[in-house]
Amino acid sequence: MEKKKLYIKTYGCQMNVYDTERMVDVMAPEGYMETDTPEDADLVVLNTCHIREKAAEKVYSDIGRIRKMKDTKKKDGEEMVLAVGGCVAQAEGAEIMKRAPVVDMVFGPQTYHNLPDMVNQSLSLKSQGEKSRILDTGLAVDEKFDQLSKKDVKKKATAFLTIQEGCDKFCTFCVVPYTRGAEFSRSIEDLVKDAEKLAKAGVVEVTLLGQNVNAFHGVSENGEEWGLPQLIRRLAKIDGFERIRYTTSHPHDMTDELLKVHGDLKECMPYLHLPVQAGSDRILKAMNRTHDSASYKDIIRDLRKERPDIAISGDFIVGFPGETYEDFKETMELVRDVKYAQAYSFKYSPRPGTPAAEMDDQVDENIKSERLSRLQALLKQQQADFNNSVIGKTLSVLIEGKGKAEDAVFGRSPYMQAVQVKVGADKVEELQGKIVDVKINGANTFYIEGILA
C-alpha cells in the first residue's frame, strides 16, 4: 500500500487530543502516517476547539496559510485534502464551507470515524474534476464508539479513554452542549473491553475523559447501576493499570463515593481538576453553574480529608458580563482559600449562540486584562509554592519521553507535575514508559526536577 502523509493540528482540550489520536488510528489502515509539518501532507486536518478565545478566527488564519501549501502541491501535480473537524466545525460547518472554498471537508467531533470514507469520496470527486464539498456534522455518538472500539491500539504507556461525552449543564458561557450534544455515557462492557485492550498495549496510566466525566453512569455486568466511582474501582482491577486519572469534573456531580475512591485506591492519582469558574455566587448564578462558592469549598475540604496530599486544579473566567470589582475580589479570596497546585484562567469572550453573549453589562477589555493579570500572578505563585513543597521528597514518576538534555528524561508525578529527571545518557531509552522513584532536588513554577532515587 502506498504510504501517505497525515498532518493534524489539535486545538484546545484533552478530548480533542484523544480525538486526534483516534483519527490517526482510523487512517493508519488506509496507509496514512503522521508527519510533523503540513507542507507535504496528503491530508491535513484542523481539529478545532470552540472553548478558547477567538477560536474561529484562528482556524481561518490557519486555513489561509495551508491554502498556499495546497496550491504549491497542486502545481506539482499532487493533491492535498484539507479538512476542518471538531467543535468549530460542528458549530459553524456551513459557514466554513461558504467562507473557505479551499476546505474540502468539514466534520463534527462525533463523525470522525467516517474519515476514511470522506477522504476517499473527496479524492474521487477531485479525480472527476469536481469540487470536494463534504459536510458531516451528525451527532451519532454511539455509532462513533462502536466503530472506534474495533480499531487496534499501538503500544504506549499513557492513554486517554473517553467514557462520556456531551453536556446537559448549559452554562451560559459555553458552547459544548451545542457542539458535542447531550450527555452520553458509554456502556461499561465496552469500556472494560477497551481498557483491557489498552493494558495489553502497555498502558500503565489511563485518563478517563468526558465533558462532565463524573456524570458518567451505566449498567454493570451484573445489572447494577454504576457511576464513575464504581467504574474506577473496576478498572483498577485490570492487570497493568497502575495509575488512573479522570477529567473534566463538574462540582454538581462530585459524590461522597467519588471522594472516597481517592482515599481508598492507590491507583487513583492524588490530583483533581475541578473547575469553579468564579468565586462570586452572583456570577456563578449568572453562569448557571448550579453550585456556589461554599459548596465548592466543602467539596475540596472533604476531598482533602480523604486524601490530604491531593493536588487541586481549576478553571477561572474573569470579566464575565456584569462582574464587578467586588465579584472579582471574591474570586481572589476563593483562590487564596483553596490553594491550587495549577489552574487555567481566561478572559471571558462571547461565544455566538450562548446566552452570555447577549447579556448586558459586558466588561471592558482593559478591565478584563487587568483582573486576569492579577489572578494569574496569584495562581502562578501558588503553583510555584506547590512545586517547591515537594523538594526533598521522593516521588514516583512515569517517564513519557526524552528530556531537554541528552542525559535527561521527562515525566509526570502523581500530582500531574512535569518532571525533568537526570538519568545518564545510557538510560534514556531504557526508562521510556516506566514508573521510577525520583528524588526531587529542584523546582520552579512550571516543572520540578530530580535524580533517580
# chains A, B, ... in the order shown; residues from 1 in each chain; ligands from 1
call {"tool": "select_by_dssp", "arguments": {"residues": "stretch 244-398 of chain A", "states": "alpha helix (DSSP H)", "output": "PyMOL selection string"}}
result
chain A and resi 256-264+281-287+293-306+325-338+365-388
call {"tool": "residues_around", "arguments": {"residues": "A:Ile134", "least_positions_apart": "5", "cutoff": "8 Å", "atoms": "only C-alpha atoms", "output": "list of chain:residue names"}}
result
A:Asp104, A:Met105, A:Val106, A:Met118, A:Ser122
call {"tool": "closest_residue", "arguments": {"among": "A:Ile399, A:Ile244, A:Val421, A:Ala311", "to": "A:Gln383", "atoms": "only C-alpha atoms"}}
result
A:Ala311
call {"tool": "residues_around", "arguments": {"residues": "stretch 201-203 of chain A", "least_positions_apart": "4", "cutoff": "9 Å", "atoms": "only C-alpha atoms", "output": "list in words"}}
result
Val153, Lys154, Lys155, Lys156, Ala157, Thr158, Ala159, Glu196, Lys197, Gly240, Phe241, Glu242 and Gly433 of chain A
call {"tool": "closest_residue", "arguments": {"among": "A:Gly93, A:Pro414, A:Gly223, A:Gly403", "to": "A:Pro270", "atoms": "only C-alpha atoms"}}
result
A:Pro414
call {"tool": "residues_around", "arguments": {"residues": "A:Thr290", "least_positions_apart": "6", "cutoff": "12 Å", "atoms": "only C-alpha atoms", "output": "PDB file with N, CA and C atoms, in the first residue's frame"}}
result
ATOM      1  N   ASP A 168     -25.257  18.409  29.636  1.00  0.00           N
ATOM      2  CA  ASP A 168     -26.635  18.861  29.876  1.00  0.00           C
ATOM      3  C   ASP A 168     -26.689  20.048  30.831  1.00  0.00           C
ATOM      4  N   LYS A 169     -25.531  20.618  31.190  1.00  0.00           N
ATOM      5  CA  LYS A 169     -25.485  21.649  32.231  1.00  0.00           C
ATOM      6  C   LYS A 169     -25.876  23.031  31.693  1.00  0.00           C
ATOM      7  N   PHE A 170     -25.559  23.324  30.451  1.00  0.00           N
ATOM      8  CA  PHE A 170     -25.907  24.593  29.795  1.00  0.00           C
ATOM      9  C   PHE A 170     -25.431  25.811  30.589  1.00  0.00           C
ATOM     10  N   CYS A 171     -24.128  25.826  30.915  1.00  0.00           N
ATOM     11  CA  CYS A 171     -23.536  27.058  31.447  1.00  0.00           C
ATOM     12  C   CYS A 171     -23.723  28.142  30.388  1.00  0.00           C
ATOM     13  N   THR A 172     -24.020  29.345  30.822  1.00  0.00           N
ATOM     14  CA  THR A 172     -24.426  30.387  29.874  1.00  0.00           C
ATOM     15  C   THR A 172     -23.293  30.871  28.971  1.00  0.00           C
ATOM     16  N   HIS A 250     -17.416  18.172  37.118  1.00  0.00           N
ATOM     17  CA  HIS A 250     -18.297  19.288  37.472  1.00  0.00           C
ATOM     18  C   HIS A 250     -18.629  19.166  38.961  1.00  0.00           C
ATOM     19  N   PRO A 251     -18.574  20.261  39.718  1.00  0.00           N
ATOM     20  CA  PRO A 251     -18.874  20.189  41.156  1.00  0.00           C
ATOM     21  C   PRO A 251     -20.236  19.551  41.450  1.00  0.00           C
ATOM     22  N   HIS A 252     -21.192  19.743  40.542  1.00  0.00           N
ATOM     23  CA  HIS A 252     -22.540  19.220  40.748  1.00  0.00           C
ATOM     24  C   HIS A 252     -22.534  17.699  40.915  1.00  0.00           C
ATOM     25  N   ASP A 253     -21.581  17.012  40.297  1.00  0.00           N
ATOM     26  CA  ASP A 253     -21.574  15.554  40.269  1.00  0.00           C
ATOM     27  C   ASP A 253     -20.466  14.936  41.127  1.00  0.00           C
ATOM     28  N   VAL A 276     -14.202  25.810  38.909  1.00  0.00           N
ATOM     29  CA  VAL A 276     -15.177  26.579  39.694  1.00  0.00           C
ATOM     30  C   VAL A 276     -15.672  27.776  38.895  1.00  0.00           C
ATOM     31  N   GLN A 277     -14.797  28.362  38.065  1.00  0.00           N
ATOM     32  CA  GLN A 277     -15.054  29.482  37.149  1.00  0.00           C
ATOM     33  C   GLN A 277     -15.063  30.846  37.821  1.00  0.00           C
ATOM     34  N   ASP A 281     -20.877  34.235  44.163  1.00  0.00           N
ATOM     35  CA  ASP A 281     -22.121  33.474  43.990  1.00  0.00           C
ATOM     36  C   ASP A 281     -23.054  34.150  42.995  1.00  0.00           C
ATOM     37  N   ARG A 282     -23.024  35.466  42.940  1.00  0.00           N
ATOM     38  CA  ARG A 282     -23.875  36.185  41.985  1.00  0.00           C
ATOM     39  C   ARG A 282     -23.470  35.859  40.553  1.00  0.00           C
ATOM     40  N   ILE A 283     -22.163  35.823  40.320  1.00  0.00           N
ATOM     41  CA  ILE A 283     -21.672  35.497  38.975  1.00  0.00           C
ATOM     42  C   ILE A 283     -21.899  34.022  38.667  1.00  0.00           C
ATOM     43  N   LEU A 284     -21.688  33.150  39.635  1.00  0.00           N
ATOM     44  CA  LEU A 284     -21.930  31.725  39.414  1.00  0.00           C
ATOM     45  C   LEU A 284     -23.385  31.470  39.019  1.00  0.00           C
ATOM     46  N   TYR A 296     -18.570  24.483  46.808  1.00  0.00           N
ATOM     47  CA  TYR A 296     -17.322  24.108  46.137  1.00  0.00           C
ATOM     48  C   TYR A 296     -16.214  23.896  47.161  1.00  0.00           C
TER      49      TYR A 296
END
call {"tool": "residues_around", "arguments": {"residues": "A:Ala418", "least_positions_apart": "6", "cutoff": "10 Å", "atoms": "only C-alpha atoms", "output": "ChimeraX atom specification"}}
result
/A:387,397,410-412,446-449
call {"tool": "residues_around", "arguments": {"residues": "stretch 13-18 of chain A", "least_positions_apart": "4", "cutoff": "7 Å", "atoms": "only C-alpha atoms", "output": "PyMOL selection string"}}
result
chain A and resi 22+47+160+209
call {"tool": "write_last_selection", "arguments": {"atoms": "N, CA, C and O atoms", "output": "PDB file, in the first residue's frame"}}
result
ATOM      1  N   ARG A  22      -7.323   9.111  17.815  1.00  0.00           N
ATOM      2  CA  ARG A  22      -8.187   8.131  17.160  1.00  0.00           C
ATOM      3  C   ARG A  22      -8.275   8.374  15.660  1.00  0.00           C
ATOM      4  O   ARG A  22      -8.445   7.436  14.880  1.00  0.00           O
ATOM      5  N   ASN A  47      -8.221  20.074  13.810  1.00  0.00           N
ATOM      6  CA  ASN A  47      -9.147  19.551  14.818  1.00  0.00           C
ATOM      7  C   ASN A  47      -9.437  20.655  15.821  1.00  0.00           C
ATOM      8  O   ASN A  47      -8.691  20.865  16.773  1.00  0.00           O
ATOM      9  N   PHE A 160      -5.635   8.090  26.770  1.00  0.00           N
ATOM     10  CA  PHE A 160      -6.946   8.630  27.124  1.00  0.00           C
ATOM     11  C   PHE A 160      -8.000   7.586  26.779  1.00  0.00           C
ATOM     12  O   PHE A 160      -7.868   6.848  25.805  1.00  0.00           O
ATOM     13  N   LEU A 209     -11.891  10.348  30.167  1.00  0.00           N
ATOM     14  CA  LEU A 209     -12.290  11.657  29.649  1.00  0.00           C
ATOM     15  C   LEU A 209     -13.802  11.800  29.547  1.00  0.00           C
ATOM     16  O   LEU A 209     -14.518  10.836  29.267  1.00  0.00           O
TER      17      LEU A 209
END
call {"tool": "residues_around", "arguments": {"residues": "A:Asp360", "least_positions_apart": "6", "cutoff": "12 Å", "atoms": "only C-alpha atoms", "output": "VMD selection string"}}
result
chain A and resid 286 320 to 323 350
call {"tool": "select_by_dssp", "arguments": {"residues": "stretch 404-433 of chain A", "states": "strand (DSSP E)", "output": "JSON, numbers by chain"}}
result
{"A": [408, 409, 410, 411, 412, 418, 419, 420, 421, 422]}
call {"tool": "decode", "arguments": {"residues": "stretch 56-93 of chain A", "atoms": "N, CA, C and O atoms", "output": "short mmCIF file (atom, residue, chain, number, x, y, z; two decimals), in the first residue's frame"}}
result
data_model
loop_
_atom_site.label_atom_id
_atom_site.label_comp_id
_atom_site.auth_asym_id
_atom_site.auth_seq_id
_atom_site.Cartn_x
_atom_site.Cartn_y
_atom_site.Cartn_z
N ALA A 56 -12.66 30.63 16.10
CA ALA A 56 -12.92 30.56 14.66
C ALA A 56 -11.90 31.38 13.87
O ALA A 56 -11.43 30.95 12.81
N GLU A 57 -11.54 32.56 14.39
CA GLU A 57 -10.59 33.41 13.67
C GLU A 57 -9.24 32.71 13.52
O GLU A 57 -8.58 32.81 12.48
N LYS A 58 -8.81 31.98 14.55
CA LYS A 58 -7.54 31.26 14.48
C LYS A 58 -7.60 30.16 13.43
O LYS A 58 -6.61 29.91 12.74
N VAL A 59 -8.74 29.52 13.31
CA VAL A 59 -8.89 28.47 12.31
C VAL A 59 -8.78 29.05 10.90
O VAL A 59 -8.08 28.51 10.04
N TYR A 60 -9.48 30.15 10.66
CA TYR A 60 -9.44 30.77 9.33
C TYR A 60 -8.02 31.25 8.99
O TYR A 60 -7.60 31.20 7.83
N SER A 61 -7.30 31.71 10.01
CA SER A 61 -5.92 32.13 9.78
C SER A 61 -5.06 30.94 9.34
O SER A 61 -4.26 31.04 8.40
N ASP A 62 -5.26 29.80 9.99
CA ASP A 62 -4.51 28.59 9.62
C ASP A 62 -4.93 28.09 8.24
O ASP A 62 -4.09 27.62 7.46
N ILE A 63 -6.21 28.19 7.93
CA ILE A 63 -6.68 27.79 6.60
C ILE A 63 -5.97 28.61 5.52
O ILE A 63 -5.55 28.08 4.48
N GLY A 64 -5.81 29.90 5.78
CA GLY A 64 -5.14 30.77 4.82
C GLY A 64 -3.70 30.35 4.57
O GLY A 64 -3.22 30.35 3.42
N ARG A 65 -2.99 29.96 5.64
CA ARG A 65 -1.60 29.52 5.47
C ARG A 65 -1.52 28.20 4.71
O ARG A 65 -0.66 28.01 3.85
N ILE A 66 -2.43 27.28 5.05
CA ILE A 66 -2.38 25.96 4.42
C ILE A 66 -2.81 26.03 2.96
O ILE A 66 -2.37 25.23 2.12
N ARG A 67 -3.63 27.01 2.64
CA ARG A 67 -4.06 27.17 1.24
C ARG A 67 -2.86 27.33 0.32
O ARG A 67 -2.82 26.76 -0.78
N LYS A 68 -1.87 28.10 0.77
CA LYS A 68 -0.68 28.32 -0.06
C LYS A 68 0.07 27.01 -0.27
O LYS A 68 0.58 26.74 -1.37
N MET A 69 0.15 26.18 0.77
CA MET A 69 0.81 24.88 0.65
C MET A 69 0.03 23.97 -0.30
O MET A 69 0.63 23.23 -1.10
N LYS A 70 -1.27 24.04 -0.20
CA LYS A 70 -2.13 23.23 -1.05
C LYS A 70 -1.96 23.63 -2.52
O LYS A 70 -1.89 22.77 -3.42
N ASP A 71 -1.87 24.93 -2.77
CA ASP A 71 -1.67 25.42 -4.13
C ASP A 71 -0.33 24.96 -4.69
O ASP A 71 -0.22 24.60 -5.88
N THR A 72 0.70 24.96 -3.84
CA THR A 72 2.03 24.52 -4.27
C THR A 72 2.01 23.05 -4.68
O THR A 72 2.58 22.67 -5.71
N LYS A 73 1.37 22.21 -3.87
CA LYS A 73 1.26 20.78 -4.22
C LYS A 73 0.49 20.60 -5.52
O LYS A 73 0.82 19.74 -6.33
N LYS A 74 -0.54 21.41 -5.72
CA LYS A 74 -1.36 21.30 -6.93
C LYS A 74 -0.51 21.59 -8.17
O LYS A 74 -0.63 20.90 -9.20
N LYS A 75 0.37 22.59 -8.07
CA LYS A 75 1.24 22.93 -9.20
C LYS A 75 2.20 21.78 -9.52
O LYS A 75 2.63 21.62 -10.67
N ASP A 76 2.53 20.99 -8.49
CA ASP A 76 3.43 19.85 -8.68
C ASP A 76 2.67 18.59 -9.08
O ASP A 76 3.25 17.49 -9.12
N GLY A 77 1.36 18.74 -9.32
CA GLY A 77 0.56 17.61 -9.76
C GLY A 77 0.11 16.69 -8.64
O GLY A 77 -0.26 15.54 -8.88
N GLU A 78 0.14 17.18 -7.40
CA GLU A 78 -0.26 16.38 -6.24
C GLU A 78 -1.47 17.00 -5.56
O GLU A 78 -1.71 18.20 -5.64
N GLU A 79 -2.25 16.16 -4.88
CA GLU A 79 -3.45 16.64 -4.19
C GLU A 79 -3.25 16.67 -2.68
O GLU A 79 -2.66 15.75 -2.11
N MET A 80 -3.71 17.73 -2.06
CA MET A 80 -3.82 17.80 -0.60
C MET A 80 -5.30 17.92 -0.25
O MET A 80 -6.00 18.77 -0.80
N VAL A 81 -5.76 17.05 0.64
CA VAL A 81 -7.13 17.17 1.14
C VAL A 81 -7.08 17.96 2.44
O VAL A 81 -6.35 17.59 3.38
N LEU A 82 -7.83 19.03 2.50
CA LEU A 82 -7.88 19.87 3.70
C LEU A 82 -9.23 19.70 4.38
O LEU A 82 -10.28 19.92 3.77
N ALA A 83 -9.19 19.30 5.64
CA ALA A 83 -10.41 19.06 6.41
C ALA A 83 -10.41 19.88 7.68
O ALA A 83 -9.36 20.08 8.32
N VAL A 84 -11.59 20.36 8.06
CA VAL A 84 -11.78 21.03 9.34
C VAL A 84 -12.72 20.18 10.18
O VAL A 84 -13.84 19.88 9.75
N GLY A 85 -12.25 19.75 11.34
CA GLY A 85 -13.07 18.93 12.22
C GLY A 85 -13.23 19.59 13.58
O GLY A 85 -12.77 20.70 13.82
N GLY A 86 -13.91 18.88 14.49
CA GLY A 86 -14.03 19.36 15.85
C GLY A 86 -15.20 20.30 16.09
O GLY A 86 -16.16 20.36 15.31
N CYS A 87 -15.12 21.04 17.18
CA CYS A 87 -16.27 21.81 17.67
C CYS A 87 -16.59 23.06 16.86
O CYS A 87 -17.75 23.42 16.72
N VAL A 88 -15.56 23.74 16.35
CA VAL A 88 -15.84 24.89 15.47
C VAL A 88 -16.54 24.39 14.21
O VAL A 88 -17.48 25.01 13.71
N ALA A 89 -16.10 23.25 13.71
CA ALA A 89 -16.74 22.66 12.53
C ALA A 89 -18.19 22.31 12.82
O ALA A 89 -19.07 22.53 11.98
N GLN A 90 -18.44 21.77 14.01
CA GLN A 90 -19.81 21.41 14.37
C GLN A 90 -20.70 22.64 14.45
O GLN A 90 -21.83 22.64 13.98
N ALA A 91 -20.18 23.71 15.06
CA ALA A 91 -20.98 24.91 15.28
C ALA A 91 -21.13 25.76 14.03
O ALA A 91 -22.16 26.40 13.83
N GLU A 92 -20.11 25.77 13.17
CA GLU A 92 -20.09 26.72 12.05
C GLU A 92 -19.78 26.03 10.73
O GLU A 92 -19.17 26.63 9.84
N GLY A 93 -20.19 24.77 10.59
CA GLY A 93 -19.84 23.99 9.41
C GLY A 93 -20.23 24.64 8.10
O GLY A 93 -19.42 24.78 7.18
#
